[in-house]
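Participant: Quick one: this structure, given as structure tokens, is what I'll be asking you about.
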Amino acid sequence: MKDILNKANRLMNTANNTVWNARRTKENVDSLNRANQNAKQRKESEKALEWKCSCGNKNTSKFCAGCGKAKPACPKCGAAVTGSKFCPDCGTAMDSE
Ligand SMILES: [Zn+2]
Ligand SMILES: [Zn+2]
């Protein structure tokens, strides 16, 4: 009789574990989705930071992958200046090469 009770308890535990595992799996999927969303956002912000070097190469890094030139930045406020002759933040004229 005691054996049957033990068996029943084991079965209950297994059932509980299954529910728990299902919950864990959902949590994993949720965090995976969040990670994907973060990656997507990173990609979009990288695109916004894209700048075109005078050599014609498009870059998202601080230095041009084509010629090694530094990304153009405002000498006054340090804002990234991509292609325009004046700083979009403070209006400082950029050195034209
Ligand atoms: Zn370049
Ligand atoms: Zn500036």
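By convention in this document, the chains of the structure tokens carry letters A, B, ... by their order, each chain's residues are numbered from 1, and ligands are numbered from 1 in the order they are shown.
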Please identify the residues whose atoms come within 6 Å of ligand 2, using only C-alpha atoms and all ligand atoms, and report them as a list in words.
Facilitator: Cys74, Lys76, Cys77, Gly78, Ala79, Cys87, Asp89, Cys90, Gly91 and Thr92 of chain A
Participant: Those selected residues, please, written with N, CA and C atoms and delivered as a PDB file, in the first residue's frame.
Facilitator:
```pdb
ATOM      1  N   CYS A  74      32.757  66.416 -35.618  1.00  0.00           N
ATOM      2  CA  CYS A  74      32.849  67.852 -35.387  1.00  0.00           C
ATOM      3  C   CYS A  74      34.025  68.145 -34.443  1.00  0.00           C
ATOM      4  N   LYS A  76      34.445  70.723 -32.723  1.00  0.00           N
ATOM      5  CA  LYS A  76      33.991  71.518 -31.579  1.00  0.00           C
ATOM      6  C   LYS A  76      33.224  70.677 -30.567  1.00  0.00           C
ATOM      7  N   CYS A  77      32.222  69.907 -31.049  1.00  0.00           N
ATOM      8  CA  CYS A  77      31.384  69.169 -30.098  1.00  0.00           C
ATOM      9  C   CYS A  77      31.553  67.659 -30.210  1.00  0.00           C
ATOM     10  N   GLY A  78      32.271  67.212 -31.247  1.00  0.00           N
ATOM     11  CA  GLY A  78      32.542  65.780 -31.364  1.00  0.00           C
ATOM     12  C   GLY A  78      31.417  64.975 -31.975  1.00  0.00           C
ATOM     13  N   ALA A  79      30.362  65.643 -32.426  1.00  0.00           N
ATOM     14  CA  ALA A  79      29.254  64.917 -33.035  1.00  0.00           C
ATOM     15  C   ALA A  79      29.699  64.320 -34.363  1.00  0.00           C
ATOM     16  N   CYS A  87      28.354  70.948 -38.985  1.00  0.00           N
ATOM     17  CA  CYS A  87      27.966  70.031 -37.920  1.00  0.00           C
ATOM     18  C   CYS A  87      26.451  70.101 -37.702  1.00  0.00           C
ATOM     19  N   ASP A  89      24.907  69.349 -35.127  1.00  0.00           N
ATOM     20  CA  ASP A  89      24.616  69.658 -33.724  1.00  0.00           C
ATOM     21  C   ASP A  89      24.888  71.112 -33.370  1.00  0.00           C
ATOM     22  N   CYS A  90      26.015  71.665 -33.847  1.00  0.00           N
ATOM     23  CA  CYS A  90      26.365  73.022 -33.439  1.00  0.00           C
ATOM     24  C   CYS A  90      26.637  73.960 -34.606  1.00  0.00           C
ATOM     25  N   GLY A  91      26.633  73.431 -35.812  1.00  0.00           N
ATOM     26  CA  GLY A  91      26.753  74.294 -36.984  1.00  0.00           C
ATOM     27  C   GLY A  91      28.171  74.676 -37.347  1.00  0.00           C
ATOM     28  N   THR A  92      29.144  74.107 -36.694  1.00  0.00           N
ATOM     29  CA  THR A  92      30.534  74.401 -37.016  1.00  0.00           C
ATOM     30  C   THR A  92      30.866  73.915 -38.431  1.00  0.00           C
TER      31      THR A  92
END
```
Participant: Identify, with DSSP run on backbone atoms, the residues in chain A assigned to strand (DSSP E or B), and express the list as an MDAnalysis selection string.
Facilitator: chainID A and resid 51:52 58:59 63 70 73 80 86 93
Participant: Taking only C-alpha atoms into account, name the residue in A:Asn28, A:Asn13, A:Gln41, A:Thr82 that is nearest to Lys62 in chain A.
Facilitator: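 Result for the nearest residue to Lys62 in chain A: A:Thr82.
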Participant: Return as a list in words the residues of protein, DNA or RNA that approach ligand 1 to within 10 Å, with only C-alpha atoms and all ligand atoms taken into account.
Facilitator: Trp51, Lys52, Cys53, Ser54, Cys55, Gly56, Asn57, Lys58, Asn59, Phe63, Cys64, Ala65, Gly66, Cys67, Gly68, Lys69, Ala70 and Lys71 of chain A
Participant: Next, dump the selected residues to file, keeping only N, CA and C atoms, as a JSON list (two decimals), in the first residue's frame.
Facilitator:
```
[["chain", "number", "residue", "atom", "x", "y", "z"],
["A", 51, "TRP", "N", 28.45, 55.80, -42.29],
["A", 51, "TRP", "CA", 29.00, 57.00, -42.93],
["A", 51, "TRP", "C", 29.78, 56.60, -44.15],
["A", 52, "LYS", "N", 29.84, 57.52, -45.09],
["A", 52, "LYS", "CA", 30.54, 57.24, -46.32],
["A", 52, "LYS", "C", 31.86, 57.99, -46.34],
["A", 53, "CYS", "N", 32.91, 57.25, -46.53],
["A", 53, "CYS", "CA", 34.24, 57.83, -46.55],
["A", 53, "CYS", "C", 34.48, 58.52, -47.89],
["A", 54, "SER", "N", 35.47, 59.43, -47.89],
["A", 54, "SER", "CA", 35.78, 60.13, -49.14],
["A", 54, "SER", "C", 36.33, 59.17, -50.19],
["A", 55, "CYS", "N", 36.77, 58.00, -49.77],
["A", 55, "CYS", "CA", 37.26, 57.01, -50.73],
["A", 55, "CYS", "C", 36.11, 56.21, -51.33],
["A", 56, "GLY", "N", 34.89, 56.44, -50.83],
["A", 56, "GLY", "CA", 33.73, 55.76, -51.39],
["A", 56, "GLY", "C", 33.28, 54.56, -50.59],
["A", 57, "ASN", "N", 34.04, 54.19, -49.57],
["A", 57, "ASN", "CA", 33.69, 53.02, -48.76],
["A", 57, "ASN", "C", 32.64, 53.40, -47.71],
["A", 58, "LYS", "N", 31.64, 52.53, -47.52],
["A", 58, "LYS", "CA", 30.64, 52.77, -46.47],
["A", 58, "LYS", "C", 31.05, 52.03, -45.21],
["A", 59, "ASN", "N", 31.02, 52.72, -44.07],
["A", 59, "ASN", "CA", 31.49, 52.13, -42.82],
["A", 59, "ASN", "C", 30.51, 52.35, -41.68],
["A", 63, "PHE", "N", 36.72, 53.82, -37.98],
["A", 63, "PHE", "CA", 37.69, 54.06, -39.04],
["A", 63, "PHE", "C", 37.26, 53.38, -40.33],
["A", 64, "CYS", "N", 37.61, 53.99, -41.44],
["A", 64, "CYS", "CA", 37.24, 53.45, -42.73],
["A", 64, "CYS", "C", 37.93, 52.12, -42.97],
["A", 65, "ALA", "N", 37.14, 51.13, -43.39],
["A", 65, "ALA", "CA", 37.71, 49.81, -43.67],
["A", 65, "ALA", "C", 38.45, 49.83, -44.99],
["A", 66, "GLY", "N", 38.20, 50.86, -45.81],
["A", 66, "GLY", "CA", 38.84, 50.90, -47.12],
["A", 66, "GLY", "C", 40.18, 51.61, -47.11],
["A", 67, "CYS", "N", 40.31, 52.69, -46.34],
["A", 67, "CYS", "CA", 41.55, 53.45, -46.39],
["A", 67, "CYS", "C", 42.09, 53.80, -45.00],
["A", 68, "GLY", "N", 41.37, 53.47, -43.95],
["A", 68, "GLY", "CA", 41.87, 53.69, -42.59],
["A", 68, "GLY", "C", 41.66, 55.09, -42.06],
["A", 69, "LYS", "N", 40.94, 55.91, -42.81],
["A", 69, "LYS", "CA", 40.68, 57.27, -42.36],
["A", 69, "LYS", "C", 39.67, 57.28, -41.22],
["A", 70, "ALA", "N", 39.86, 58.20, -40.27],
["A", 70, "ALA", "CA", 38.94, 58.27, -39.13],
["A", 70, "ALA", "C", 37.58, 58.80, -39.58],
["A", 71, "LYS", "N", 36.54, 58.37, -38.90],
["A", 71, "LYS", "CA", 35.19, 58.85, -39.16],
["A", 71, "LYS", "C", 35.14, 60.36, -38.92]]
```
Participant: Step one, run DSSP on the backbone; step two, keep only residues of chain A assigned to alpha helix (DSSP H); then write them as a PyMOL selection string.
Facilitator: chain A and resi 2-48
